[in-house]
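Dropping my_file_4.tsv in here (TSV, N, CA and C atoms):
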chain	number	residue	atom	x	y	z
A	380	MET	N	67.85	103.58	88.44
A	380	MET	CA	67.63	103.93	87.06
A	380	MET	C	66.38	103.17	86.59
A	381	ASP	N	65.52	103.88	85.92
A	381	ASP	CA	64.34	103.21	85.39
A	381	ASP	C	64.55	102.88	83.91
A	382	SER	N	63.59	102.18	83.35
A	382	SER	CA	63.72	101.70	81.97
A	382	SER	C	63.82	102.85	80.97
A	383	LYS	N	63.05	103.91	81.17
A	383	LYS	CA	63.08	105.05	80.25
A	383	LYS	C	64.45	105.73	80.25
A	384	GLU	N	65.06	105.81	81.41
A	384	GLU	CA	66.37	106.43	81.50
A	384	GLU	C	67.42	105.61	80.75
A	385	LEU	N	67.34	104.29	80.87
A	385	LEU	CA	68.28	103.43	80.14
A	385	LEU	C	68.07	103.56	78.63
A	386	VAL	N	66.84	103.59	78.18
A	386	VAL	CA	66.56	103.78	76.75
A	386	VAL	C	67.13	105.11	76.28
A	387	SER	N	66.93	106.15	77.06
A	387	SER	CA	67.43	107.47	76.70
A	387	SER	C	68.95	107.49	76.59
A	388	ILE	N	69.61	106.84	77.53
A	388	ILE	CA	71.08	106.77	77.49
A	388	ILE	C	71.53	105.99	76.26
A	389	ARG	N	70.89	104.85	76.00
A	389	ARG	CA	71.26	104.05	74.83
A	389	ARG	C	71.11	104.86	73.54
A	390	LYS	N	70.01	105.57	73.44
A	390	LYS	CA	69.77	106.36	72.24
A	390	LYS	C	70.75	107.52	72.12
A	391	SER	N	71.09	108.15	73.24
A	391	SER	CA	72.05	109.26	73.16
A	391	SER	C	73.45	108.75	72.80
A	392	LEU	N	73.72	107.48	73.10
A	392	LEU	CA	74.98	106.86	72.68
A	392	LEU	C	74.91	106.33	71.25
A	393	ASN	N	73.71	106.41	70.65
A	393	ASN	CA	73.49	105.94	69.29
A	393	ASN	C	73.83	104.46	69.13
A	394	ARG	N	73.28	103.65	70.03
A	394	ARG	CA	73.55	102.21	70.03
A	394	ARG	C	72.25	101.41	69.92
A	395	THR	N	72.36	100.25	69.29
A	395	THR	CA	71.25	99.30	69.29
A	395	THR	C	71.26	98.59	70.64
A	396	GLN	N	70.22	97.82	70.91
A	396	GLN	CA	70.20	97.04	72.14
A	396	GLN	C	71.36	96.05	72.18
A	397	LYS	N	71.66	95.45	71.05
A	397	LYS	CA	72.76	94.48	70.99
A	397	LYS	C	74.09	95.17	71.26
A	398	GLN	N	74.30	96.32	70.65
A	398	GLN	CA	75.55	97.07	70.88
A	398	GLN	C	75.66	97.53	72.32
A	399	MET	N	74.53	97.96	72.89
A	399	MET	CA	74.53	98.40	74.28
A	399	MET	C	74.85	97.23	75.20
A	400	ALA	N	74.31	96.08	74.90
A	400	ALA	CA	74.59	94.89	75.69
A	400	ALA	C	76.09	94.58	75.70
A	401	GLN	N	76.72	94.71	74.54
A	401	GLN	CA	78.17	94.48	74.47
A	401	GLN	C	78.93	95.47	75.34
A	402	LEU	N	78.54	96.73	75.29
A	402	LEU	CA	79.20	97.75	76.11
A	402	LEU	C	79.00	97.51	77.60
A	403	LEU	N	77.84	96.99	77.96
A	403	LEU	CA	77.51	96.77	79.37
A	403	LEU	C	77.97	95.41	79.88
A	404	GLY	N	78.43	94.54	78.98
A	404	GLY	CA	78.86	93.21	79.40
A	404	GLY	C	77.71	92.32	79.80
A	405	THR	N	76.60	92.46	79.10
A	405	THR	CA	75.42	91.65	79.38
A	405	THR	C	74.81	91.19	78.06
A	406	SER	N	73.69	90.53	78.10
A	406	SER	CA	73.07	90.05	76.86
A	406	SER	C	72.07	91.06	76.31
A	407	ALA	N	71.79	90.94	75.02
A	407	ALA	CA	70.78	91.79	74.39
A	407	ALA	C	69.41	91.51	75.02
A	408	LYS	N	69.16	90.26	75.38
A	408	LYS	CA	67.91	89.89	76.03
A	408	LYS	C	67.76	90.62	77.37
A	409	ALA	N	68.86	90.73	78.11
A	409	ALA	CA	68.82	91.45	79.38
A	409	ALA	C	68.51	92.93	79.15
A	410	VAL	N	69.16	93.54	78.16
A	410	VAL	CA	68.90	94.96	77.86
A	410	VAL	C	67.44	95.15	77.49
A	411	ARG	N	66.89	94.26	76.65
A	411	ARG	CA	65.46	94.35	76.30
A	411	ARG	C	64.60	94.27	77.56
A	412	SER	N	64.94	93.36	78.46
A	412	SER	CA	64.17	93.19	79.70
A	412	SER	C	64.22	94.44	80.57
A	413	TYR	N	65.39	95.06	80.65
A	413	TYR	CA	65.51	96.30	81.43
A	413	TYR	C	64.69	97.40	80.80
A	414	GLU	N	64.81	97.53	79.47
A	414	GLU	CA	64.12	98.61	78.77
A	414	GLU	C	62.60	98.43	78.77
A	415	GLN	N	62.14	97.21	78.80
A	415	GLN	CA	60.69	96.95	78.84
A	415	GLN	C	60.14	97.04	80.27
A	416	GLY	N	61.05	97.11	81.24
A	416	GLY	CA	60.62	97.18	82.64
A	416	GLY	C	60.30	95.82	83.23
A	417	TRP	N	60.66	94.76	82.54
A	417	TRP	CA	60.42	93.41	83.05
A	417	TRP	C	61.39	93.05	84.16
A	418	ARG	N	62.59	93.64	84.09
A	418	ARG	CA	63.61	93.41	85.11
A	418	ARG	C	64.15	94.76	85.55
A	419	ARG	N	64.50	94.85	86.82
A	419	ARG	CA	65.09	96.07	87.36
A	419	ARG	C	66.51	96.22	86.82
A	420	VAL	N	66.90	97.43	86.50
A	420	VAL	CA	68.25	97.70	86.02
A	420	VAL	C	69.21	97.54	87.20
A	421	PRO	N	70.13	96.57	87.11
A	421	PRO	CA	71.06	96.36	88.23
A	421	PRO	C	72.04	97.53	88.38
A	422	GLY	N	72.57	97.67	89.57
A	422	GLY	CA	73.49	98.75	89.87
A	422	GLY	C	74.70	98.79	88.95
A	423	TYR	N	75.26	97.61	88.62
A	423	TYR	CA	76.45	97.60	87.76
A	423	TYR	C	76.14	98.10	86.36
A	424	VAL	N	74.93	97.85	85.87
A	424	VAL	CA	74.52	98.34	84.54
A	424	VAL	C	74.30	99.85	84.59
A	425	GLU	N	73.63	100.31	85.63
A	425	GLU	CA	73.41	101.75	85.80
A	425	GLU	C	74.74	102.49	85.87
A	426	ARG	N	75.64	101.97	86.65
A	426	ARG	CA	76.96	102.60	86.83
A	426	ARG	C	77.71	102.68	85.49
A	427	GLN	N	77.71	101.58	84.76
A	427	GLN	CA	78.40	101.55	83.47
A	427	GLN	C	77.74	102.49	82.46
A	428	ALA	N	76.41	102.52	82.45
A	428	ALA	CA	75.69	103.40	81.52
A	428	ALA	C	76.02	104.87	81.80
A	429	PHE	N	76.04	105.26	83.06
A	429	PHE	CA	76.39	106.64	83.40
A	429	PHE	C	77.85	106.94	83.06
A	430	PHE	N	78.72	105.97	83.23
A	430	PHE	CA	80.13	106.16	82.89
A	430	PHE	C	80.29	106.40	81.39
A	431	LEU	N	79.55	105.66	80.58
A	431	LEU	CA	79.60	105.84	79.13
A	431	LEU	C	79.12	107.23	78.73
A	432	ILE	N	78.04	107.70	79.36
A	432	ILE	CA	77.54	109.05	79.10
A	432	ILE	C	78.58	110.09	79.52
A	433	TYR	N	79.18	109.86	80.67
A	433	TYR	CA	80.23	110.75	81.18
A	433	TYR	C	81.36	110.88	80.16
A	434	LEU	N	81.81	109.75	79.62
A	434	LEU	CA	82.87	109.77	78.63
A	434	LEU	C	82.42	110.45	77.34
A	435	ARG	N	81.22	110.14	76.88
A	435	ARG	CA	80.69	110.72	75.64
A	435	ARG	C	80.59	112.23	75.74
A	436	GLN	N	80.14	112.72	76.88
A	436	GLN	CA	79.93	114.16	77.05
A	436	GLN	C	81.22	114.90	77.43
A	437	GLY	N	82.28	114.15	77.72
A	437	GLY	CA	83.54	114.80	78.09
A	437	GLY	C	83.44	115.63	79.35
A	438	LEU	N	82.69	115.12	80.32
A	438	LEU	CA	82.38	115.91	81.50
A	438	LEU	C	83.54	116.07	82.48
A	439	GLY	N	84.62	115.32	82.33
A	439	GLY	CA	85.73	115.43	83.27
A	439	GLY	C	86.69	116.55	82.99
A	440	LYS	N	86.65	117.08	81.81
A	440	LYS	CA	87.62	118.09	81.38
A	440	LYS	C	87.40	119.42	82.09
A	441	GLY	N	88.40	119.83	82.86
A	441	GLY	CA	88.36	121.14	83.51
A	441	GLY	C	87.32	121.28	84.61
A	442	ARG	N	86.78	120.20	85.10
A	442	ARG	CA	85.76	120.27	86.14
A	442	ARG	C	86.39	120.48	87.51
A	443	GLU	N	85.73	121.24	88.33
A	443	GLU	CA	86.16	121.44	89.70
A	443	GLU	C	85.87	120.16	90.49
A	444	PRO	N	86.76	119.75	91.38
A	444	PRO	CA	86.52	118.51	92.13
A	444	PRO	C	85.38	118.65	93.13
A	445	CYS	N	84.77	117.52	93.43
A	445	CYS	CA	83.59	117.50	94.30
A	445	CYS	C	83.87	118.11	95.66
A	446	TRP	N	85.06	117.87	96.21
A	446	TRP	CA	85.34	118.38	97.55
A	446	TRP	C	85.34	119.91	97.60
A	447	ASN	N	85.63	120.56	96.47
A	447	ASN	CA	85.52	122.03	96.42
A	447	ASN	C	84.06	122.45	96.23
A	448	ILE	N	83.37	121.77	95.35
A	448	ILE	CA	81.96	122.08	95.09
A	448	ILE	C	81.12	121.89	96.34
A	449	LYS	N	81.37	120.79	97.06
A	449	LYS	CA	80.59	120.45	98.25
A	449	LYS	C	81.15	121.08	99.53
A	450	LYS	N	82.31	121.74	99.40
A	450	LYS	CA	82.97	122.38	100.54
A	450	LYS	C	83.17	121.39	101.69
A	451	CYS	N	83.80	120.27	101.37
A	451	CYS	CA	84.03	119.21	102.35
A	451	CYS	C	85.05	119.65	103.41
A	452	ALA	N	84.80	119.25	104.62
A	452	ALA	CA	85.74	119.49	105.71
A	452	ALA	C	87.00	118.66	105.45
A	453	ALA	N	88.13	119.13	105.95
A	453	ALA	CA	89.41	118.46	105.72
A	453	ALA	C	89.37	117.00	106.15
A	454	GLU	N	88.76	116.70	107.28
A	454	GLU	CA	88.70	115.32	107.78
A	454	GLU	C	87.91	114.41	106.83
A	455	CYS	N	86.77	114.87	106.35
A	455	CYS	CA	85.98	114.08	105.39
A	455	CYS	C	86.77	113.89	104.10
A	456	LYS	N	87.35	114.97	103.64
A	456	LYS	CA	88.08	114.94	102.37
A	456	LYS	C	89.22	113.92	102.41
A	457	THR	N	90.04	113.95	103.45
A	457	THR	CA	91.21	113.06	103.50
A	457	THR	C	90.83	111.60	103.73
A	458	ASN	N	89.61	111.33	104.19
A	458	ASN	CA	89.15	109.95	104.38
A	458	ASN	C	88.32	109.43	103.21
A	459	CYS	N	88.14	110.24	102.21
A	459	CYS	CA	87.27	109.90	101.09
A	459	CYS	C	88.08	109.32	99.92
A	460	PRO	N	87.62	108.20	99.33
A	460	PRO	CA	88.33	107.62	98.19
A	460	PRO	C	88.42	108.56	96.98
A	461	ALA	N	87.44	109.43	96.80
A	461	ALA	CA	87.51	110.37	95.66
A	461	ALA	C	88.73	111.28	95.82
A	462	TRP	N	89.01	111.72	97.03
A	462	TRP	CA	90.19	112.54	97.31
A	462	TRP	C	91.45	111.70	97.16
A	463	GLU	N	91.44	110.52	97.75
A	463	GLU	CA	92.62	109.63	97.70
A	463	GLU	C	93.07	109.39	96.26
A	464	PHE	N	92.13	109.15	95.38
A	464	PHE	CA	92.44	108.85	93.98
A	464	PHE	C	92.38	110.09	93.08
A	465	GLN	N	92.20	111.26	93.70
A	465	GLN	CA	92.12	112.53	92.96
A	465	GLN	C	91.12	112.43	91.81
A	466	ALA	N	89.94	111.94	92.14
A	466	ALA	CA	88.88	111.74	91.16
A	466	ALA	C	87.61	112.48	91.58
A	467	GLY	N	87.76	113.74	91.91
A	467	GLY	CA	86.63	114.54	92.36
A	467	GLY	C	85.55	114.76	91.33
A	468	HIS	N	85.85	114.52	90.08
A	468	HIS	CA	84.84	114.63	89.02
A	468	HIS	C	84.16	113.28	88.78
A	469	LEU	N	84.71	112.21	89.39
A	469	LEU	CA	84.15	110.86	89.27
A	469	LEU	C	83.67	110.32	90.62
A	470	CYS	N	83.43	111.19	91.57
A	470	CYS	CA	83.02	110.75	92.91
A	470	CYS	C	81.78	109.86	92.86
A	471	TRP	N	80.87	110.16	91.96
A	471	TRP	CA	79.63	109.38	91.82
A	471	TRP	C	79.92	107.95	91.36
A	472	PHE	N	81.05	107.72	90.72
A	472	PHE	CA	81.40	106.40	90.20
A	472	PHE	C	82.10	105.53	91.24
A	473	ILE	N	82.69	106.15	92.25
A	473	ILE	CA	83.50	105.46	93.24
A	473	ILE	C	82.67	105.13	94.48
A	474	ASN	N	82.62	103.85	94.81
A	474	ASN	CA	81.92	103.44	96.03
A	474	ASN	C	82.75	103.83	97.25
A	475	GLY	N	82.07	104.05	98.37
A	475	GLY	CA	82.74	104.35	99.62
A	475	GLY	C	83.08	105.81	99.83
A	476	THR	N	82.59	106.69	98.95
A	476	THR	CA	82.85	108.11	99.14
A	476	THR	C	82.06	108.62	100.34
A	477	ILE	N	82.52	109.74	100.88
A	477	ILE	CA	81.87	110.33	102.04
A	477	ILE	C	81.06	111.52	101.56
A	478	CYS	N	79.76	111.34	101.48
A	478	CYS	CA	78.85	112.41	101.08
A	478	CYS	C	77.81	112.55	102.19
A	479	GLU	N	77.39	113.77	102.39
A	479	GLU	CA	76.45	114.07	103.48
A	479	GLU	C	77.01	113.60	104.82
A	480	GLY	N	78.34	113.64	104.95
A	480	GLY	CA	79.00	113.33	106.22
A	480	GLY	C	79.16	111.87	106.56
A	481	ARG	N	78.80	110.97	105.61
A	481	ARG	CA	78.93	109.54	105.91
A	481	ARG	C	79.13	108.74	104.63
A	482	VAL	N	79.64	107.53	104.81
A	482	VAL	CA	79.81	106.60	103.69
A	482	VAL	C	78.46	105.97	103.39
A	483	GLN	N	78.11	105.88	102.11
A	483	GLN	CA	76.84	105.25	101.74
A	483	GLN	C	76.94	103.73	101.86
A	484	ILE	N	75.84	103.11	102.24
A	484	ILE	CA	75.79	101.67	102.46
A	484	ILE	C	75.92	100.89	101.17
A	485	ASP	N	75.24	101.33	100.12
A	485	ASP	CA	75.26	100.59	98.86
A	485	ASP	C	75.06	101.54	97.69
A	486	TRP	N	75.11	100.98	96.49
A	486	TRP	CA	75.01	101.78	95.27
A	486	TRP	C	73.69	102.55	95.19
A	487	HIS	N	72.59	101.92	95.57
A	487	HIS	CA	71.29	102.56	95.44
A	487	HIS	C	71.17	103.76	96.38
A	488	GLU	N	71.70	103.65	97.58
A	488	GLU	CA	71.71	104.79	98.50
A	488	GLU	C	72.60	105.90	97.94
A	489	LYS	N	73.75	105.51	97.41
A	489	LYS	CA	74.67	106.48	96.82
A	489	LYS	C	73.99	107.24	95.67
A	490	MET	N	73.31	106.53	94.78
A	490	MET	CA	72.65	107.18	93.66
A	490	MET	C	71.52	108.10	94.10
A	491	ARG	N	70.85	107.75	95.19
A	491	ARG	CA	69.80	108.62	95.72
A	491	ARG	C	70.41	109.98	96.09
A	492	ILE	N	71.58	109.95	96.70
A	492	ILE	CA	72.26	111.18	97.08
A	492	ILE	C	72.84	111.88	95.85
A	493	CYS	N	73.50	111.12	94.98
A	493	CYS	CA	74.16	111.70	93.80
A	493	CYS	C	73.18	112.41	92.87
A	494	ARG	N	72.00	111.89	92.71
A	494	ARG	CA	71.03	112.49	91.79
A	494	ARG	C	70.62	113.91	92.19
A	495	ASN	N	70.90	114.27	93.44
A	495	ASN	CA	70.60	115.62	93.92
A	495	ASN	C	71.86	116.47	94.08
A	496	CYS	N	72.95	116.02	93.47
A	496	CYS	CA	74.25	116.67	93.65
A	496	CYS	C	74.69	117.40	92.38
A	497	LYS	N	75.30	118.58	92.55
A	497	LYS	CA	75.77	119.39	91.42
A	497	LYS	C	76.86	118.69	90.61
A	498	VAL	N	77.59	117.78	91.24
A	498	VAL	CA	78.67	117.08	90.55
A	498	VAL	C	78.09	116.07	89.56
A	499	PHE	N	77.03	115.39	89.94
A	499	PHE	CA	76.42	114.32	89.14
A	499	PHE	C	75.38	114.83	88.14
A	500	GLN	N	74.67	115.88	88.47
A	500	GLN	CA	73.53	116.32	87.67
A	500	GLN	C	73.81	116.57	86.19
A	501	PRO	N	75.01	117.03	85.80
A	501	PRO	CA	75.26	117.18	84.35
A	501	PRO	C	75.12	115.87	83.57
A	502	LEU	N	75.30	114.74	84.24
A	502	LEU	CA	75.12	113.45	83.56
A	502	LEU	C	73.66	113.20	83.20
A	503	LEU	N	72.78	113.83	83.92
A	503	LEU	CA	71.34	113.63	83.68
A	503	LEU	C	70.82	114.45	82.52
A	504	ASP	N	71.66	115.33	82.00
A	504	ASP	CA	71.30	116.13	80.83
A	504	ASP	C	71.95	115.51	79.60
A	505	ASP	N	71.14	115.22	78.59
A	505	ASP	CA	71.70	114.64	77.37
A	505	ASP	C	72.27	115.74	76.49
A	506	ASP	N	72.77	115.34	75.33
A	506	ASP	CA	73.41	116.29	74.42
A	506	ASP	C	72.48	117.42	73.97
A	507	ALA	N	71.21	117.18	73.96
A	507	ALA	CA	70.24	118.20	73.53
A	507	ALA	C	69.88	119.14	74.68
A	508	GLY	N	70.42	118.85	75.89
A	508	GLY	CA	70.13	119.71	77.03
A	508	GLY	C	68.84	119.37	77.75
A	509	THR	N	68.23	118.24	77.41
A	509	THR	CA	67.03	117.84	78.11
A	509	THR	C	67.36	116.73	79.09
A	510	SER	N	66.55	116.60	80.10
A	510	SER	CA	66.82	115.59	81.13
A	510	SER	C	66.57	114.19	80.61
A	511	LEU	N	67.42	113.28	81.09
A	511	LEU	CA	67.23	111.86	80.77
A	511	LEU	C	66.03	111.31	81.47
Full structure transcribed into structure tokens:
Amino acid sequence: MDSKELVSIRKSLNRTQKQMAQLLGTSAKAVRSYEQGWRRVPGYVERQAFFLIYLRQGLGKGREPCWNIKKCAAECKTNCPAWEFQAGHLCWFINGTICEGRVQIDWHEKMRICRNCKVFQPLLDDDAGTSL
């Protein structure tokens, strides 16, 4: 996540930097640093910011699970934590999921894959329908 994306998410949530810091469990100074590009947005902040957008947009309601959208093989599906926890609409939030036939090494690799996925892409559209 880059600084502009974090600013866009904060604004779509209608929060000040201080309020966003409280939601993210960090300091207002840290949020300013991320938004100014002085510090890289850590994975835990990115994850939480996307989760807040997910909740705000109500994206889980009536969504088809990822294993149907991605047409996962039975073996991949049964070994995947998204299937285990029946969270196919939150697969992007859960570490250790099996996408592209393998478990991702870390959050940044996972997000690289998720950003090109039909399950995650609605999060990248804000309420006005424009990309974050």
### Query
Which of these, A:Cys496, A:Ala407, A:Leu392, A:Cys470, has the shortest distance to A:Arg426 once you count only C-alpha atoms?
A:Cys470
### Task
Name the residues of stretch 381-494 of chain A that come out as alpha helix (DSSP H) in a backbone DSSP run; write them as a ChimeraX atom specification.
/A:382-391,396-403,407-415,422-436,445-448,453-458,460-463,486-493
### Contacts of stretch 409-424 of chain A at 6 Å (only N, CA and C atoms; same-chain gap of 2+ positions) as JSON, numbers by chain
{"A": [380, 382, 383, 386, 405, 406, 407, 426, 427, 428, 429]}
### Residues flagged strand (DSSP E or B) by DSSP in chain A, as number ranges by chain
A: 477-478, 481-482, 504, 510
Enclosing box along x, y and z for every listed atom of stretch 397-411 of chain A, padded 4 Å each side, centre and size in Å, one decimal, as AutoDock Vina command-line options:
--center_x 71.9 --center_y 94.1 --center_z 75.3 --size_x 22.6 --size_y 16.5 --size_z 17.2
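Between atom C of A:Ile473 and atom N of A:Thr395 the separation is 27.7 Å.
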### Task
Find the spatial neighbours of stretch 430-433 of chain A, counting only C-alpha atoms, within a cut-off of 12 Å - ignore same-chain residues fewer than 6 positions away - and output them as a count of residues only.
33
